[in-house]
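Asker: What follows is final_2.pdb; its format and atoms are PDB, C-alpha atoms.
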```
ATOM      1  CA  MET A1017      57.490 -26.655  81.241  1.00  0.00           C
ATOM      2  CA  SER A1018      55.443 -24.021  83.056  1.00  0.00           C
ATOM      3  CA  ASN A1019      53.476 -21.364  81.193  1.00  0.00           C
ATOM      4  CA  THR A1020      54.645 -17.847  81.981  1.00  0.00           C
ATOM      5  CA  LEU A1021      52.202 -15.518  83.724  1.00  0.00           C
ATOM      6  CA  SER A1022      51.360 -11.816  83.659  1.00  0.00           C
ATOM      7  CA  VAL A1023      49.495 -10.267  86.581  1.00  0.00           C
ATOM      8  CA  VAL A1024      47.503  -7.324  85.255  1.00  0.00           C
ATOM      9  CA  ILE A1025      46.249  -4.396  87.373  1.00  0.00           C
ATOM     10  CA  ILE A1026      44.336  -1.311  86.207  1.00  0.00           C
ATOM     11  CA  THR A1027      44.884   1.798  88.315  1.00  0.00           C
ATOM     12  CA  LYS A1028      43.811   5.383  88.940  1.00  0.00           C
ATOM     13  CA  ASN A1029      45.233   7.097  92.048  1.00  0.00           C
ATOM     14  CA  GLU A1030      45.795   3.897  94.032  1.00  0.00           C
ATOM     15  CA  GLU A1031      48.896   4.856  96.018  1.00  0.00           C
ATOM     16  CA  LYS A1032      47.336   3.585  99.270  1.00  0.00           C
ATOM     17  CA  TYR A1033      46.873   0.061  97.924  1.00  0.00           C
ATOM     18  CA  ILE A1034      49.095  -0.590  94.925  1.00  0.00           C
ATOM     19  CA  ALA A1035      52.341  -1.520  96.714  1.00  0.00           C
ATOM     20  CA  GLU A1036      50.878  -4.530  98.543  1.00  0.00           C
ATOM     21  CA  ALA A1037      49.011  -5.635  95.416  1.00  0.00           C
ATOM     22  CA  ILE A1038      52.241  -5.637  93.397  1.00  0.00           C
ATOM     23  CA  LYS A1039      54.176  -7.386  96.153  1.00  0.00           C
ATOM     24  CA  SER A1040      51.593 -10.172  96.176  1.00  0.00           C
ATOM     25  CA  ALA A1041      52.060 -10.541  92.398  1.00  0.00           C
ATOM     26  CA  GLN A1042      55.846 -10.689  92.283  1.00  0.00           C
ATOM     27  CA  PHE A1043      55.858 -14.471  91.896  1.00  0.00           C
ATOM     28  CA  ALA A1044      54.662 -13.893  88.291  1.00  0.00           C
ATOM     29  CA  HIS A1045      56.944 -13.279  85.331  1.00  0.00           C
ATOM     30  CA  GLU A1046      55.408  -9.872  84.714  1.00  0.00           C
ATOM     31  CA  THR A1047      53.312  -7.353  86.604  1.00  0.00           C
ATOM     32  CA  LEU A1048      51.606  -4.963  84.211  1.00  0.00           C
ATOM     33  CA  ILE A1049      49.996  -1.736  85.423  1.00  0.00           C
ATOM     34  CA  LEU A1050      47.609   0.007  83.029  1.00  0.00           C
ATOM     35  CA  ASP A1051      47.178   3.443  84.556  1.00  0.00           C
ATOM     36  CA  SER A1052      44.505   6.043  83.782  1.00  0.00           C
ATOM     37  CA  ASN A1053      46.440   9.258  84.389  1.00  0.00           C
ATOM     38  CA  SER A1054      47.088   8.953  88.115  1.00  0.00           C
ATOM     39  CA  ASP A1055      48.275  12.197  89.671  1.00  0.00           C
ATOM     40  CA  ASP A1056      49.388  10.705  93.009  1.00  0.00           C
ATOM     41  CA  GLY A1057      52.291   8.339  93.709  1.00  0.00           C
ATOM     42  CA  THR A1058      50.804   5.249  92.026  1.00  0.00           C
ATOM     43  CA  ILE A1059      53.116   5.180  89.010  1.00  0.00           C
ATOM     44  CA  ASP A1060      56.292   5.890  90.989  1.00  0.00           C
ATOM     45  CA  ILE A1061      55.477   3.145  93.495  1.00  0.00           C
ATOM     46  CA  ALA A1062      54.714   0.660  90.729  1.00  0.00           C
ATOM     47  CA  LYS A1063      57.931   1.369  88.853  1.00  0.00           C
ATOM     48  CA  ARG A1064      59.983   1.196  92.041  1.00  0.00           C
ATOM     49  CA  LEU A1065      58.597  -2.286  92.692  1.00  0.00           C
ATOM     50  CA  GLY A1066      59.525  -3.457  89.196  1.00  0.00           C
ATOM     51  CA  ALA A1067      56.130  -3.336  87.512  1.00  0.00           C
ATOM     52  CA  ARG A1068      55.759  -2.488  83.845  1.00  0.00           C
ATOM     53  CA  VAL A1069      53.640   0.667  83.618  1.00  0.00           C
ATOM     54  CA  ILE A1070      51.627   1.802  80.604  1.00  0.00           C
ATOM     55  CA  LYS A1071      49.358   4.856  80.543  1.00  0.00           C
ATOM     56  CA  HIS A1072      45.961   4.638  78.865  1.00  0.00           C
ATOM     57  CA  GLU A1073      42.852   6.810  78.912  1.00  0.00           C
ATOM     58  CA  TRP A1074      39.906   5.409  80.880  1.00  0.00           C
ATOM     59  CA  LEU A1075      37.530   3.273  78.799  1.00  0.00           C
ATOM     60  CA  GLY A1076      35.252   1.768  81.458  1.00  0.00           C
ATOM     61  CA  PHE A1077      36.013  -1.273  83.602  1.00  0.00           C
ATOM     62  CA  GLY A1078      35.428  -3.997  81.005  1.00  0.00           C
ATOM     63  CA  PRO A1079      37.152  -2.318  78.051  1.00  0.00           C
ATOM     64  CA  GLN A1080      40.027  -1.116  80.247  1.00  0.00           C
ATOM     65  CA  LYS A1081      40.757  -4.628  81.499  1.00  0.00           C
ATOM     66  CA  ASN A1082      40.567  -5.989  77.962  1.00  0.00           C
ATOM     67  CA  ALA A1083      43.106  -3.375  76.880  1.00  0.00           C
ATOM     68  CA  ALA A1084      45.354  -4.405  79.765  1.00  0.00           C
ATOM     69  CA  ILE A1085      45.295  -8.126  79.033  1.00  0.00           C
ATOM     70  CA  ASN A1086      45.968  -7.451  75.342  1.00  0.00           C
ATOM     71  CA  LEU A1087      49.105  -5.541  76.361  1.00  0.00           C
ATOM     72  CA  ALA A1088      50.371  -8.345  78.625  1.00  0.00           C
ATOM     73  CA  SER A1089      53.508 -10.115  77.426  1.00  0.00           C
ATOM     74  CA  ASN A1090      52.222 -13.591  78.277  1.00  0.00           C
ATOM     75  CA  ASP A1091      49.201 -15.595  77.150  1.00  0.00           C
ATOM     76  CA  TRP A1092      48.298 -16.542  80.706  1.00  0.00           C
ATOM     77  CA  VAL A1093      47.061 -13.630  82.789  1.00  0.00           C
ATOM     78  CA  PHE A1094      45.782 -13.085  86.313  1.00  0.00           C
ATOM     79  CA  VAL A1095      43.666  -9.949  86.599  1.00  0.00           C
ATOM     80  CA  LEU A1096      44.030  -8.316  90.015  1.00  0.00           C
ATOM     81  CA  ASP A1097      42.512  -5.141  91.439  1.00  0.00           C
ATOM     82  CA  SER A1098      44.691  -2.780  93.463  1.00  0.00           C
ATOM     83  CA  ASP A1099      42.740  -3.545  96.648  1.00  0.00           C
ATOM     84  CA  GLU A1100      43.209  -7.305  96.226  1.00  0.00           C
ATOM     85  CA  ARG A1101      46.017  -9.562  97.384  1.00  0.00           C
ATOM     86  CA  ILE A1102      47.167 -12.948  96.075  1.00  0.00           C
ATOM     87  CA  THR A1103      47.890 -15.100  99.116  1.00  0.00           C
ATOM     88  CA  LEU A1104      50.925 -17.381  99.315  1.00  0.00           C
ATOM     89  CA  LYS A1105      48.731 -20.492  99.114  1.00  0.00           C
ATOM     90  CA  LEU A1106      47.027 -19.128  96.009  1.00  0.00           C
ATOM     91  CA  GLN A1107      50.397 -18.247  94.466  1.00  0.00           C
ATOM     92  CA  ASN A1108      51.576 -21.834  94.896  1.00  0.00           C
ATOM     93  CA  GLU A1109      48.345 -23.224  93.476  1.00  0.00           C
ATOM     94  CA  ILE A1110      48.587 -20.959  90.418  1.00  0.00           C
ATOM     95  CA  LEU A1111      52.179 -21.982  89.736  1.00  0.00           C
ATOM     96  CA  SER A1112      51.216 -25.641  90.057  1.00  0.00           C
ATOM     97  CA  ILE A1113      48.268 -25.226  87.665  1.00  0.00           C
ATOM     98  CA  LEU A1114      50.409 -23.465  85.069  1.00  0.00           C
ATOM     99  CA  LYS A1115      52.766 -26.423  84.832  1.00  0.00           C
ATOM    100  CA  ASN A1116      50.029 -28.261  82.961  1.00  0.00           C
ATOM    101  CA  PRO A1117      46.740 -26.328  82.673  1.00  0.00           C
ATOM    102  CA  ASN A1118      43.792 -28.454  81.594  1.00  0.00           C
ATOM    103  CA  HIS A1119      41.297 -25.593  81.247  1.00  0.00           C
ATOM    104  CA  ASN A1120      41.376 -22.222  79.487  1.00  0.00           C
ATOM    105  CA  GLY A1121      40.333 -20.363  82.624  1.00  0.00           C
ATOM    106  CA  TYR A1122      40.011 -20.730  86.384  1.00  0.00           C
ATOM    107  CA  GLN A1123      37.581 -19.230  88.872  1.00  0.00           C
ATOM    108  CA  VAL A1124      39.246 -17.878  91.999  1.00  0.00           C
ATOM    109  CA  PRO A1125      37.470 -17.592  95.372  1.00  0.00           C
ATOM    110  CA  ARG A1126      37.693 -14.216  97.090  1.00  0.00           C
ATOM    111  CA  LEU A1127      37.533 -13.383 100.790  1.00  0.00           C
ATOM    112  CA  ASN A1128      36.039  -9.911 101.156  1.00  0.00           C
ATOM    113  CA  TRP A1129      36.877  -7.580 104.036  1.00  0.00           C
ATOM    114  CA  PHE A1130      34.157  -5.102 105.016  1.00  0.00           C
ATOM    115  CA  PHE A1131      34.673  -2.468 107.700  1.00  0.00           C
ATOM    116  CA  GLY A1132      37.758  -4.167 109.145  1.00  0.00           C
ATOM    117  CA  LYS A1133      36.520  -7.771 109.170  1.00  0.00           C
ATOM    118  CA  ALA A1134      36.575 -10.738 106.806  1.00  0.00           C
ATOM    119  CA  ILE A1135      32.968 -11.531 105.852  1.00  0.00           C
ATOM    120  CA  LYS A1136      31.778 -15.025 104.935  1.00  0.00           C
ATOM    121  CA  THR A1137      28.035 -14.353 105.294  1.00  0.00           C
ATOM    122  CA  CYS A1138      25.697 -12.261 103.086  1.00  0.00           C
ATOM    123  CA  GLY A1139      26.526 -14.512 100.122  1.00  0.00           C
ATOM    124  CA  LEU A1140      29.986 -12.901  99.929  1.00  0.00           C
ATOM    125  CA  TYR A1141      32.061 -16.074 100.171  1.00  0.00           C
ATOM    126  CA  PRO A1142      33.533 -17.820  98.274  1.00  0.00           C
ATOM    127  CA  ASP A1143      32.605 -15.133  95.689  1.00  0.00           C
ATOM    128  CA  TYR A1144      34.075 -16.970  92.688  1.00  0.00           C
ATOM    129  CA  SER A1145      35.106 -15.120  89.532  1.00  0.00           C
ATOM    130  CA  VAL A1146      37.376 -15.982  86.597  1.00  0.00           C
ATOM    131  CA  ARG A1147      40.704 -14.254  87.189  1.00  0.00           C
ATOM    132  CA  LEU A1148      43.275 -16.698  85.829  1.00  0.00           C
ATOM    133  CA  PHE A1149      42.905 -17.441  82.128  1.00  0.00           C
ATOM    134  CA  ASN A1150      44.562 -17.780  78.744  1.00  0.00           C
ATOM    135  CA  LYS A1151      43.839 -14.485  77.000  1.00  0.00           C
ATOM    136  CA  ASN A1152      43.533 -16.265  73.652  1.00  0.00           C
ATOM    137  CA  TYR A1153      40.383 -17.940  74.973  1.00  0.00           C
ATOM    138  CA  GLY A1154      38.896 -15.305  77.264  1.00  0.00           C
ATOM    139  CA  HIS A1155      37.933 -11.648  77.501  1.00  0.00           C
ATOM    140  CA  PHE A1156      35.976  -9.284  79.736  1.00  0.00           C
ATOM    141  CA  THR A1157      32.427  -8.271  78.940  1.00  0.00           C
ATOM    142  CA  ASN A1158      32.263  -4.856  77.319  1.00  0.00           C
ATOM    143  CA  VAL A1159      30.380  -3.088  80.113  1.00  0.00           C
ATOM    144  CA  PRO A1160      31.258   0.011  82.191  1.00  0.00           C
ATOM    145  CA  VAL A1161      30.818  -1.724  85.585  1.00  0.00           C
ATOM    146  CA  HIS A1162      30.439  -5.243  87.057  1.00  0.00           C
ATOM    147  CA  GLU A1163      32.455  -6.736  84.231  1.00  0.00           C
ATOM    148  CA  SER A1164      33.164 -10.477  84.082  1.00  0.00           C
ATOM    149  CA  VAL A1165      35.323 -12.823  82.030  1.00  0.00           C
ATOM    150  CA  LYS A1166      33.818 -14.957  79.278  1.00  0.00           C
ATOM    151  CA  ILE A1167      35.801 -18.120  78.570  1.00  0.00           C
ATOM    152  CA  ILE A1168      35.726 -20.379  75.517  1.00  0.00           C
ATOM    153  CA  GLY A1169      35.183 -23.761  77.144  1.00  0.00           C
ATOM    154  CA  LYS A1170      34.555 -24.623  80.778  1.00  0.00           C
ATOM    155  CA  ALA A1171      36.375 -22.847  83.604  1.00  0.00           C
ATOM    156  CA  SER A1172      37.600 -24.846  86.579  1.00  0.00           C
ATOM    157  CA  LYS A1173      37.794 -23.645  90.200  1.00  0.00           C
ATOM    158  CA  LEU A1174      40.835 -23.039  92.356  1.00  0.00           C
ATOM    159  CA  LYS A1175      40.820 -23.981  96.035  1.00  0.00           C
ATOM    160  CA  ASN A1176      42.694 -21.103  97.645  1.00  0.00           C
ATOM    161  CA  HIS A1177      41.253 -17.611  97.920  1.00  0.00           C
ATOM    162  CA  MET A1178      42.606 -14.151  97.335  1.00  0.00           C
ATOM    163  CA  ILE A1179      41.950 -11.257  99.703  1.00  0.00           C
ATOM    164  CA  HIS A1180      39.777  -8.277  98.786  1.00  0.00           C
ATOM    165  CA  LEU A1181      40.001  -5.194 101.006  1.00  0.00           C
ATOM    166  CA  ALA A1182      36.545  -4.120  99.881  1.00  0.00           C
ATOM    167  CA  TYR A1183      35.436  -1.161 102.013  1.00  0.00           C
ATOM    168  CA  LYS A1184      37.059   0.448 105.026  1.00  0.00           C
ATOM    169  CA  ASP A1185      33.832   2.053 106.307  1.00  0.00           C
ATOM    170  CA  VAL A1186      30.113   2.404 105.599  1.00  0.00           C
ATOM    171  CA  ASP A1187      30.428   5.818 103.958  1.00  0.00           C
ATOM    172  CA  GLU A1188      32.873   4.492 101.360  1.00  0.00           C
ATOM    173  CA  PHE A1189      30.618   1.485 100.713  1.00  0.00           C
ATOM    174  CA  THR A1190      27.530   3.668 100.210  1.00  0.00           C
ATOM    175  CA  SER A1191      29.360   6.127  97.965  1.00  0.00           C
ATOM    176  CA  LYS A1192      30.701   3.406  95.676  1.00  0.00           C
ATOM    177  CA  GLN A1193      27.355   1.634  95.428  1.00  0.00           C
ATOM    178  CA  LYS A1194      25.734   4.900  94.372  1.00  0.00           C
ATOM    179  CA  ASN A1195      28.405   5.391  91.721  1.00  0.00           C
ATOM    180  CA  TYR A1196      28.049   1.810  90.453  1.00  0.00           C
ATOM    181  CA  ALA A1197      24.295   2.325  90.187  1.00  0.00           C
ATOM    182  CA  LYS A1198      24.867   5.384  87.993  1.00  0.00           C
ATOM    183  CA  LEU A1199      27.105   3.325  85.704  1.00  0.00           C
ATOM    184  CA  SER A1200      24.618   0.457  85.524  1.00  0.00           C
ATOM    185  CA  GLN A1201      22.907  -0.065  82.193  1.00  0.00           C
ATOM    186  CA  LYS A1202      19.628  -1.170  83.769  1.00  0.00           C
ATOM    187  CA  LYS A1203      16.514   0.619  82.547  1.00  0.00           C
ATOM    188  CA  LYS A1204      14.322   2.529  84.976  1.00  0.00           C
ATOM    189  CA  ASN A1205      11.726   0.211  86.502  1.00  0.00           C
ATOM    190  CA  ILE A1206       9.513   1.563  89.283  1.00  0.00           C
ATOM    191  CA  PHE A1207       8.186  -1.878  90.233  1.00  0.00           C
ATOM    192  CA  LYS A1208      11.678  -3.348  90.612  1.00  0.00           C
ATOM    193  CA  SER A1209      12.893  -0.252  92.467  1.00  0.00           C
ATOM    194  CA  ILE A1210      10.290  -0.984  95.156  1.00  0.00           C
ATOM    195  CA  ILE A1211      10.227  -4.789  95.344  1.00  0.00           C
ATOM    196  CA  SER A1212      13.819  -5.787  94.552  1.00  0.00           C
ATOM    197  CA  PRO A1213      15.565  -3.829  97.357  1.00  0.00           C
ATOM    198  CA  CYS A1214      13.299  -5.469  99.964  1.00  0.00           C
ATOM    199  CA  TRP A1215      14.096  -8.904  98.589  1.00  0.00           C
ATOM    200  CA  ILE A1216      17.845  -8.171  98.444  1.00  0.00           C
ATOM    201  CA  PHE A1217      17.913  -7.086 102.079  1.00  0.00           C
ATOM    202  CA  PHE A1218      15.884 -10.090 103.243  1.00  0.00           C
ATOM    203  CA  ARG A1219      18.009 -12.503 101.208  1.00  0.00           C
ATOM    204  CA  LEU A1220      21.387 -11.192 102.384  1.00  0.00           C
ATOM    205  CA  TYR A1221      20.537 -10.503 106.014  1.00  0.00           C
ATOM    206  CA  PHE A1222      18.350 -13.538 106.771  1.00  0.00           C
ATOM    207  CA  ILE A1223      18.737 -16.266 104.119  1.00  0.00           C
ATOM    208  CA  LYS A1224      22.485 -15.631 103.630  1.00  0.00           C
ATOM    209  CA  LEU A1225      22.960 -15.242 107.392  1.00  0.00           C
ATOM    210  CA  GLY A1226      24.183 -11.660 107.434  1.00  0.00           C
ATOM    211  CA  PHE A1227      22.765 -11.258 110.946  1.00  0.00           C
ATOM    212  CA  ILE A1228      25.616 -13.464 112.200  1.00  0.00           C
ATOM    213  CA  ASP A1229      27.997 -10.601 111.441  1.00  0.00           C
ATOM    214  CA  GLY A1230      25.948  -8.153 113.497  1.00  0.00           C
ATOM    215  CA  TRP A1231      25.993  -4.507 112.457  1.00  0.00           C
ATOM    216  CA  ARG A1232      28.336  -5.270 109.542  1.00  0.00           C
ATOM    217  CA  GLY A1233      25.886  -7.774 108.102  1.00  0.00           C
ATOM    218  CA  PHE A1234      23.061  -5.257 108.513  1.00  0.00           C
ATOM    219  CA  GLU A1235      24.998  -2.470 106.769  1.00  0.00           C
ATOM    220  CA  ILE A1236      26.055  -4.788 103.932  1.00  0.00           C
ATOM    221  CA  ALA A1237      22.478  -5.952 103.312  1.00  0.00           C
ATOM    222  CA  LYS A1238      21.214  -2.363 103.517  1.00  0.00           C
ATOM    223  CA  GLY A1239      23.942  -1.099 101.191  1.00  0.00           C
ATOM    224  CA  TYR A1240      23.187  -3.619  98.463  1.00  0.00           C
ATOM    225  CA  ALA A1241      19.465  -2.941  98.851  1.00  0.00           C
ATOM    226  CA  LYS A1242      20.165   0.767  98.301  1.00  0.00           C
ATOM    227  CA  TYR A1243      22.262  -0.055  95.243  1.00  0.00           C
ATOM    228  CA  THR A1244      19.361  -2.046  93.798  1.00  0.00           C
ATOM    229  CA  PHE A1245      16.965   0.848  94.439  1.00  0.00           C
ATOM    230  CA  TRP A1246      19.312   3.382  92.822  1.00  0.00           C
ATOM    231  CA  LYS A1247      19.958   1.078  89.860  1.00  0.00           C
ATOM    232  CA  TYR A1248      16.268   0.804  88.925  1.00  0.00           C
ATOM    233  CA  SER A1249      15.082   4.273  89.936  1.00  0.00           C
ATOM    234  CA  LYS A1250      17.643   6.428  88.119  1.00  0.00           C
TER     235      LYS A1250
END
```
Give the structure from this file in structure tokens form.
Answerer:
Amino acid sequence: MSNTLSVVIITKNEEKYIAEAIKSAQFAHETLILDSNSDDGTIDIAKRLGARVIKHEWLGFGPQKNAAINLASNDWVFVLDSDERITLKLQNEILSILKNPNHNGYQVPRLNWFFGKAIKTCGLYPDYSVRLFNKNYGHFTNVPVHESVKIIGKASKLKNHMIHLAYKDVDEFTSKQKNYAKLSQKKKNIFKSIISPCWIFFRLYFIKLGFIDGWRGFEIAKGYAKYTFWKYSK
């Protein structure tokens, strides 16, 4: 007998993305939206597509996702962002796994799209993270940004990737990196603010072959270098 699954999505004014995210999750037994007071069409779209919607004040990325998984009706959850899509191949793999899961959690590869193109350089692929797990044995780290799932036991890896529509243009990328840096809990470190950005750029653009993706690879390496500078110089 298969284990039932809840796909969980946290939202705040995601009307541009939420419909396709929910549609990609409709193979699951439940799609749960935990919304932080959206004032656009997010909630109406979600309800129209059959999702279960609960409103909750914003707690930070880690705590908010923990609240969402605790509200899910099923033990097995897949945590999806509104700008992510579960592909058909991944759907089938998840359903197969849930017939007889032999791990408490599974890392899912992610194919990131930057500036209109799928990027496999810059260390951005396969970009594994735990997304499918039994909530009785896993939870998100209690941090405001760059949260991750901690699993009791060893997590296995799935073969098929999901899609992440990361950034539509360079301005959006830069703006979000600056915001993430503000939320980072790193202490100010002048030495790291000088040395680390140079290393990040060199690593992503040259070692991780970002130059193969031309101007996109350059902007990605530069953007993450800026993030590193902002994170340690704030």
Asker: Expressed in Å to a single decimal, how great is the separation between CA of Ser1054 (chain A) and CA of Pro1160 (chain A)?
Answerer: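 So the two atoms, CA of Ser1054 (chain A) and CA of Pro1160 (chain A), lie 19.1 Å apart.
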Asker: Find the residue from A:Asn1205, A:Asn1019, A:Ser1040, A:Thr1058 that sits nearest to Asn1150 (chain A); use all atoms listed in the file when measuring.
Answerer: A:Asn1019
Asker: Using the chain letters and numbers from this file, what does the PyMOL selection byres ((chain A and resi 1099-1109) around 12) select? Give the answer as a ChimeraX atom specification.
Answerer: /A:1021,1023-1044,1094-1098,1110-1117,1122-1129,1147-1148,1173-1184
Asker: Please report the interatomic distance between CA of Leu1065 (chain A) and CA of Asn1082 (chain A) in Å with one decimal.
Answerer: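 For CA of Leu1065 (chain A) relative to CA of Asn1082 (chain A), the distance reads 23.6 Å.
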Asker: Write out as number ranges by chain which residues come within 7 Å of Ile1070 (chain A) when counting all atoms listed in the file, dropping same-chain ones fewer than 2 positions away.
Answerer: A: 1049-1051, 1068, 1072
Asker: Let me have the centre and edge lengths in Å, one decimal, of the box along x, y and z around every listed atom of region 1103-1117 of chain A with 3 Å of margin on each side, as AutoDock Vina command-line options.
Answerer:
```
--center_x 49.8 --center_y -21.7 --center_z 91.0 --size_x 12.0 --size_y 19.2 --size_z 22.6
```
Asker: Counting all atoms listed in the file, which of A:Asn1152, A:Thr1020, A:Thr1244, A:Thr1137 gets nearest to Gly1121 (chain A)?
Answerer: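 Of A:Asn1152, A:Thr1020, A:Thr1244, A:Thr1137, the one nearest Gly1121 (chain A) is A:Asn1152, counting all atoms listed in the file.
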Asker: Hey, can you check how far CA of Ser1145 (chain A) sits from CA of His1162 (chain A)?
Answerer: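 Separation of CA of Ser1145 (chain A) and CA of His1162 (chain A): 11.2 Å.
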Asker: Find the residue from A:Arg1232, A:Ala1083, A:Ala1241, A:Lys1192 that sits nearest to Trp1215 (chain A); use only C-alpha atoms when measuring.
Answerer: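 So, comparing all the options, the nearest one is A:Ala1241.
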Asker: Just give me the residues with any atom within 12 Å of (41.0, -15.3, 78.4), file coordinates, counting only C-alpha atoms, written as a PyMOL selection string.
Answerer: chain A and resi 1081-1082+1084-1086+1088+1090-1095+1119-1123+1146-1157+1164-1171
Asker: How would you write, as a list in words, the residues chosen by the PyMOL selection byres ((chain A and resi 1193) around 9) on this structure?
Answerer: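 That expression, the PyMOL selection byres ((chain A and resi 1193) around 9), corresponds here to Glu1188, Phe1189, Thr1190, Ser1191, Lys1192, Lys1194, Asn1195, Tyr1196, Ala1197, Lys1198, Gly1239, Tyr1240, Lys1242, Tyr1243, Thr1244 and Trp1246 of chain A.
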Asker: The PyMOL selection byres ((chain A and resi 1077) around 8) on the file shown: which residues, as a CSV table (one decimal) with C-alpha atoms, in the frame of the given file?
Answerer:
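Saved as expr.csv:
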```
chain,number,residue,atom,x,y,z
A,1075,LEU,CA,37.5,3.3,78.8
A,1076,GLY,CA,35.3,1.8,81.5
A,1078,GLY,CA,35.4,-4.0,81.0
A,1079,PRO,CA,37.2,-2.3,78.1
A,1080,GLN,CA,40.0,-1.1,80.2
A,1081,LYS,CA,40.8,-4.6,81.5
A,1159,VAL,CA,30.4,-3.1,80.1
A,1160,PRO,CA,31.3,0.0,82.2
A,1161,VAL,CA,30.8,-1.7,85.6
A,1162,HIS,CA,30.4,-5.2,87.1
A,1163,GLU,CA,32.5,-6.7,84.2
```
Asker: Nearest to Gly1226 (chain A): which of A:Ala1067, A:Lys1238, A:Val1186, A:Glu1046 is it, counting only C-alpha atoms?
Answerer: A:Lys1238
Asker: Taking all atoms listed in the file into account, name the residue in A:Gly1057, A:Gly1233, A:Gly1066, A:Pro1213 that is nearest to Lys1136 (chain A).
Answerer: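 Comparing A:Gly1057, A:Gly1233, A:Gly1066, A:Pro1213 against Lys1136 (chain A), the winner is A:Gly1233.
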Asker: Between A:Glu1235, A:Ser1089, A:Ser1212, A:Ala1134, single out the one closest to His1045 (chain A), counting all atoms listed in the file.
Answerer: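 Selected residue with least distance to His1045 (chain A): A:Ser1089.
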Asker: List the residues sitting within 8 Å of (43.2, 9.3, 77.4) in the file's frame, using all atoms listed in the file, as an NGL selection string.
Answerer: :A and (1052-1053 or 1072-1074)
Asker: Restricted to C-alpha atoms, what would the selected residues look like written as a CSV table (one decimal), in the frame of the given file?
Answerer:
```
chain,number,residue,atom,x,y,z
A,1052,SER,CA,44.5,6.0,83.8
A,1053,ASN,CA,46.4,9.3,84.4
A,1072,HIS,CA,46.0,4.6,78.9
A,1073,GLU,CA,42.9,6.8,78.9
A,1074,TRP,CA,39.9,5.4,80.9
```
Asker: Would it be fine to have region 1019-1062 of chain A, with C-alpha atoms, given as a PDB file, in the first residue's frame?
Answerer:
```
ATOM      1  CA  ASN A1019       1.929   6.132   1.666  1.00  0.00           C
ATOM      2  CA  THR A1020      -0.191   9.219   1.090  1.00  0.00           C
ATOM      3  CA  LEU A1021       1.598  12.472   0.281  1.00  0.00           C
ATOM      4  CA  SER A1022       1.124  16.166   1.019  1.00  0.00           C
ATOM      5  CA  VAL A1023       2.850  18.749  -1.163  1.00  0.00           C
ATOM      6  CA  VAL A1024       3.469  21.831   0.960  1.00  0.00           C
ATOM      7  CA  ILE A1025       4.024  25.359  -0.411  1.00  0.00           C
ATOM      8  CA  ILE A1026       4.552  28.580   1.558  1.00  0.00           C
ATOM      9  CA  THR A1027       3.377  31.735  -0.198  1.00  0.00           C
ATOM     10  CA  LYS A1028       3.279  35.526  -0.086  1.00  0.00           C
ATOM     11  CA  ASN A1029       1.942  37.313  -3.191  1.00  0.00           C
ATOM     12  CA  GLU A1030       2.848  34.552  -5.648  1.00  0.00           C
ATOM     13  CA  GLU A1031       0.011  34.908  -8.159  1.00  0.00           C
ATOM     14  CA  LYS A1032       2.460  34.834 -11.096  1.00  0.00           C
ATOM     15  CA  TYR A1033       3.831  31.418 -10.148  1.00  0.00           C
ATOM     16  CA  ILE A1034       1.460  29.551  -7.858  1.00  0.00           C
ATOM     17  CA  ALA A1035      -0.913  28.063 -10.458  1.00  0.00           C
ATOM     18  CA  GLU A1036       1.776  26.055 -12.272  1.00  0.00           C
ATOM     19  CA  ALA A1037       3.317  24.965  -8.966  1.00  0.00           C
ATOM     20  CA  ILE A1038      -0.030  23.594  -7.771  1.00  0.00           C
ATOM     21  CA  LYS A1039      -0.743  21.927 -11.104  1.00  0.00           C
ATOM     22  CA  SER A1040       2.585  20.107 -10.888  1.00  0.00           C
ATOM     23  CA  ALA A1041       1.604  18.875  -7.402  1.00  0.00           C
ATOM     24  CA  GLN A1042      -1.869  17.577  -8.191  1.00  0.00           C
ATOM     25  CA  PHE A1043      -0.681  13.969  -8.311  1.00  0.00           C
ATOM     26  CA  ALA A1044      -0.409  14.153  -4.483  1.00  0.00           C
ATOM     27  CA  HIS A1045      -3.254  13.455  -2.081  1.00  0.00           C
ATOM     28  CA  GLU A1046      -3.086  16.973  -0.687  1.00  0.00           C
ATOM     29  CA  THR A1047      -1.655  20.327  -1.695  1.00  0.00           C
ATOM     30  CA  LEU A1048      -1.304  22.595   1.318  1.00  0.00           C
ATOM     31  CA  ILE A1049      -0.682  26.330   0.942  1.00  0.00           C
ATOM     32  CA  LEU A1050       0.516  28.199   4.031  1.00  0.00           C
ATOM     33  CA  ASP A1051       0.035  31.837   3.105  1.00  0.00           C
ATOM     34  CA  SER A1052       1.497  34.912   4.809  1.00  0.00           C
ATOM     35  CA  ASN A1053      -1.263  37.452   4.192  1.00  0.00           C
ATOM     36  CA  SER A1054      -1.097  37.709   0.410  1.00  0.00           C
ATOM     37  CA  ASP A1055      -3.006  40.688  -0.945  1.00  0.00           C
ATOM     38  CA  ASP A1056      -2.941  39.623  -4.615  1.00  0.00           C
ATOM     39  CA  GLY A1057      -4.708  36.682  -6.271  1.00  0.00           C
ATOM     40  CA  THR A1058      -2.596  33.913  -4.704  1.00  0.00           C
ATOM     41  CA  ILE A1059      -5.249  32.556  -2.344  1.00  0.00           C
ATOM     42  CA  ASP A1060      -8.073  32.657  -4.897  1.00  0.00           C
ATOM     43  CA  ILE A1061      -5.952  30.837  -7.480  1.00  0.00           C
ATOM     44  CA  ALA A1062      -4.905  28.200  -4.958  1.00  0.00           C
TER      45      ALA A1062
END
```
